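Colleague: My structure is below; once you've seen it, I'll send some questions.
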Amino acid sequence: MSCQVRPLWPPFIAGIVLGLVLLLTFILVGNGMGSSGAFARVATEVGLQVAPEATRENAYLGGMAQGNPLAAWIVLAAVGTFIGAILASISSGRFKVKVDRGSGRIGVGTRLALALGGGLLAGFGSRLAAGCTSGVGLSNTAMLGVAGFVFLIAFFVVGLLVSLFMRRVW
Amino acid sequence: MDYGIAGTALATGLLFGFVLEQAGFGSPCKLTAQFRLTDWSVFKVMFTAIIVAAIGILLLQVNNTFGSQGFYVAETYLWGTVTGGMLIGAGFAIGGYCPGTSVVGLGSGRVDGLVFMLGMVIGIGTFASVYDTSLIQSLVTGARVSARTVPELLGVSPWLIVAAMILTAIAGFALGRVLERRSHGVYSAEDITEGRDVERFDAPGHDLGRDLGREAATARRQDAP
């Protein structure tokens, strides 16, 4: 692997390419890109392994528990996202196995606890909003959907406020 | 699932992850810097992408490529969208990722991205266990918005909304430029890979450090291609 770390794409360029990728997704698939839906299916699969009866009878997971929950478009899109990120980070010398603690003011345990807690909130929230930053914030807003704009405002306002209490972390 | 669908899912997902990583969005430090208002990459990339895709979608509709219906726009349940957006915003500020970027974080070697994903699975399991309660039901089925899109809601041309978004983007780019210059500046590829601490210098009472930090930030900007 090359030790040379290549620069990031300028935000404007990355934004244009991301917009074209999103447009391509609409043309090829008929809907936008999503991410959190894949984790709803992973949660269903975990549920089927741990408590199959309760999972099949659950009002939310039951629908996804018919057949293989992981055999879904959105799961493969998430796998693709993972592969794409690996290809980009390795080819640009940015791949590095680590626990990212930002400025290093917090320990590994604290960082992982925050990541777990943040994930928990985001997972729960993604089911309330029927999507996340990708599916609602990007894709729905690109169709000028009401949900997308409402989501982005709620997301940014609360993110800004909560971030005030996280200054010691990063 | 047929191979065609599987292939397009993998291919479009791959492009999505590739671009997000190239933008630096595998780094929780860079992502959360948007909320500290010190690095505006998230706003710039997201807004640019939304505008490019929105224009493309509108042009496809003008040419009636997909019939007059266009793409499927989900209905909006206001409280679910607001509370969900709030929780994802909070989770982003606390955990450093959103669902898609946690996958990108793991793809660039970050173990905390995997832990965030584990948290999401637990969060979704928790949601499923309380889905039947009247509170959750009132959130996900209440306050349905009659219109699906903003132009429909306001009774204006979609191009007017796109024009307003372009103006908002220009204002955001300008504001971001000012605020990025006031702080340590944008996180570079080296910063997010090596975990170089640039913000430490901005701590109160570290005047010398702050100046050094500014100098370093300026030097990095000058080095940038």
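Each chain of the structure tokens is named A, B, ... in the order shown, its residues numbered from 1; ligands are numbered from 1 in display order.
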Show me, as a list in words, the residues that have an atom within 7 Å of stretch 45-59 of chain B when counting only C-alpha atoms, minus same-chain residues fewer than 2 positions from it.

Modeller: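 Near stretch 45-59 of chain B, the qualifying residues are Pro11, Phe12, Ala14, Gly15, Ile16, Leu18, Gly19, Leu20, Leu22, Leu23, Leu138, Thr141, Ala142 and Met143 of chain A; Ser41, Val42, Phe43, Gln61, Val62, Asn63, Val162 and Ala169 of chain B.
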
Colleague: Give me the residues near B:Leu114 as a PyMOL selection string, where near means some atom within 8 Å (using only C-alpha atoms) and where sequence neighbours in that chain fewer than 3 positions away do not count.

Modeller: chain B and resi 102-103+105-106+110-111+117-118

Colleague: DSSP says strand (DSSP E or B) for which residues of stretch 5-218 of chain B? Put them as a ChimeraX atom specification?

Modeller: /B:77,110,144,149

Colleague: Could you save those same residues with N, CA and C atoms as a PDB file, in the first residue's frame?

Modeller:
```pdb
ATOM      1  N   TYR B  77     -45.057  11.963   7.013  1.00  0.00           N
ATOM      2  CA  TYR B  77     -45.723  12.011   8.314  1.00  0.00           C
ATOM      3  C   TYR B  77     -44.854  12.924   9.174  1.00  0.00           C
ATOM      4  N   ARG B 110     -12.111   2.266  10.134  1.00  0.00           N
ATOM      5  CA  ARG B 110     -12.478   2.765  11.466  1.00  0.00           C
ATOM      6  C   ARG B 110     -13.380   1.780  12.206  1.00  0.00           C
ATOM      7  N   ARG B 144     -50.121  13.586   8.710  1.00  0.00           N
ATOM      8  CA  ARG B 144     -49.758  13.313   7.321  1.00  0.00           C
ATOM      9  C   ARG B 144     -49.910  14.603   6.504  1.00  0.00           C
ATOM     10  N   THR B 149     -44.640  16.793  -2.458  1.00  0.00           N
ATOM     11  CA  THR B 149     -43.456  17.611  -2.751  1.00  0.00           C
ATOM     12  C   THR B 149     -43.693  19.060  -2.331  1.00  0.00           C
TER      13      THR B 149
END
```

Colleague: Tell me which of A:Glu53, A:Ile106, A:Phe26, A:Ala115 sits closest to chain B, counting only C-alpha atoms.

Modeller: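 Using only C-alpha atoms, chain B sits closest to A:Ala115.
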
Colleague: Quick one: DSSP helix (DSSP H, G or I) residues in chain B, as JSON, numbers by chain?

Modeller: {"B": [3, 4, 5, 6, 7, 8, 9, 10, 11, 12, 13, 14, 15, 16, 17, 18, 19, 20, 21, 22, 28, 29, 30, 31, 32, 33, 41, 42, 43, 44, 45, 46, 47, 48, 49, 50, 51, 52, 53, 54, 55, 56, 57, 58, 59, 60, 61, 62, 78, 79, 80, 81, 82, 83, 84, 85, 86, 87, 88, 89, 90, 91, 92, 93, 94, 95, 99, 100, 101, 102, 103, 104, 105, 106, 107, 111, 112, 113, 114, 115, 116, 117, 118, 119, 120, 121, 122, 123, 124, 125, 126, 127, 128, 129, 130, 134, 135, 136, 137, 138, 139, 140, 141, 150, 151, 152, 153, 154, 158, 159, 160, 161, 162, 163, 164, 165, 166, 167, 168, 169, 170, 171, 172, 173, 174, 175, 176, 177, 178, 179, 180, 181, 182, 189, 190, 191, 192, 193, 194, 199, 200, 201, 202, 207, 208, 209, 210, 211, 212, 213, 214, 215, 216, 217, 218, 219, 220, 221, 222, 223]}

Colleague: Give me, please, the distance in Å between atom CA of A:Ile13 and atom CA of B:Gly96, quoted to one decimal.

Modeller: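 Separating atom CA of A:Ile13 from atom CA of B:Gly96 is a distance of 23.4 Å.
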
Colleague: Extract, using only C-alpha atoms, all DNA, RNA and protein residues at most 10 Å from B:Thr8, discarding same-chain residues fewer than 2 positions from it, and format them as a list in words.

Modeller: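 Listing them by chain and then by number gives Leu24, Thr25, Leu28, Val29, Trp73, Leu76, Ala77 and Gly80 of chain A; Tyr3, Gly4, Ile5, Ala6, Leu10, Ala11, Thr12, Gly13 and Leu14 of chain B.
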
Colleague: Create the file for the chosen residues now, containing C-alpha atoms and written as a PDB file, in the first residue's frame.

Modeller:
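So the final result, stored in again_21.pdb, reads:
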```
ATOM      1  CA  LEU A  24     -27.832   7.332 -11.924  1.00  0.00           C
ATOM      2  CA  THR A  25     -29.344   5.403  -8.998  1.00  0.00           C
ATOM      3  CA  LEU A  28     -31.211   2.463 -12.908  1.00  0.00           C
ATOM      4  CA  VAL A  29     -33.174   1.499  -9.795  1.00  0.00           C
ATOM      5  CA  TRP A  73     -31.759  -4.354  -2.805  1.00  0.00           C
ATOM      6  CA  LEU A  76     -26.531  -5.068  -1.424  1.00  0.00           C
ATOM      7  CA  ALA A  77     -26.356  -1.279  -1.820  1.00  0.00           C
ATOM      8  CA  GLY A  80     -21.497  -1.828  -2.292  1.00  0.00           C
TER       9      GLY A  80
ATOM     10  CA  TYR B   3     -28.932 -10.669 -10.962  1.00  0.00           C
ATOM     11  CA  GLY B   4     -29.754  -7.403 -12.716  1.00  0.00           C
ATOM     12  CA  ILE B   5     -31.171  -5.830  -9.574  1.00  0.00           C
ATOM     13  CA  ALA B   6     -28.330  -7.247  -7.476  1.00  0.00           C
ATOM     14  CA  LEU B  10     -23.916  -3.266  -5.764  1.00  0.00           C
ATOM     15  CA  ALA B  11     -22.681  -0.912  -8.497  1.00  0.00           C
ATOM     16  CA  THR B  12     -24.607   2.174  -7.385  1.00  0.00           C
ATOM     17  CA  GLY B  13     -23.762   1.463  -3.727  1.00  0.00           C
ATOM     18  CA  LEU B  14     -20.102   1.133  -4.674  1.00  0.00           C
TER      19      LEU B  14
END
```

Colleague: Of the candidates B:Ala174, B:Ile88, B:Ile166, B:Leu60, which one gets nearest to chain A if we count only C-alpha atoms?

Modeller: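 That would be B:Ile88, the residue with the smallest distance to chain A.
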
Colleague: Please determine, counting only C-alpha atoms, which residue among B:Leu15, B:Val115, B:Leu37, B:Ile124 has the shortest atom-to-atom distance to A:Thr110.

Modeller: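 That would be B:Val115, the residue with the smallest distance to A:Thr110.
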
Colleague: For stretch 16-33 of chain B, please output as a PyMOL selection string all residues within 6 Å (counting only C-alpha atoms; exclusion window: fewer than 6 positions along the same chain).

Modeller: (chain A and resi 8-9+14+81+84-85+88+102) or (chain B and resi 39+93+96-97+101+104-105)

Colleague: Atoms to include: C-alpha atoms. Write the selected residues as a PDB file, in the first residue's frame.

Modeller:
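Below is the file that was written, selection_22.pdb:
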```pdb
ATOM      1  CA  LEU A   8      -9.603  14.677  -0.683  1.00  0.00           C
ATOM      2  CA  TRP A   9     -11.814  15.750  -3.552  1.00  0.00           C
ATOM      3  CA  ALA A  14     -17.472  15.628  -4.726  1.00  0.00           C
ATOM      4  CA  THR A  81     -21.053   1.324  -0.197  1.00  0.00           C
ATOM      5  CA  GLY A  84     -16.587   1.531  -2.605  1.00  0.00           C
ATOM      6  CA  ALA A  85     -15.214   3.109   0.561  1.00  0.00           C
ATOM      7  CA  ALA A  88     -11.345   4.744  -2.384  1.00  0.00           C
ATOM      8  CA  GLY A 102     -10.489  12.735  16.664  1.00  0.00           C
TER       9      GLY A 102
ATOM     10  CA  ASP B  39     -15.521  22.560   8.205  1.00  0.00           C
ATOM     11  CA  ALA B  93     -23.211  14.663  16.907  1.00  0.00           C
ATOM     12  CA  GLY B  96     -19.801  10.895  14.739  1.00  0.00           C
ATOM     13  CA  TYR B  97     -21.674   9.206  11.883  1.00  0.00           C
ATOM     14  CA  THR B 101     -21.213   7.319   6.628  1.00  0.00           C
ATOM     15  CA  VAL B 104     -17.835   4.488   4.842  1.00  0.00           C
ATOM     16  CA  GLY B 105     -16.006   4.881   8.177  1.00  0.00           C
TER      17      GLY B 105
END
```
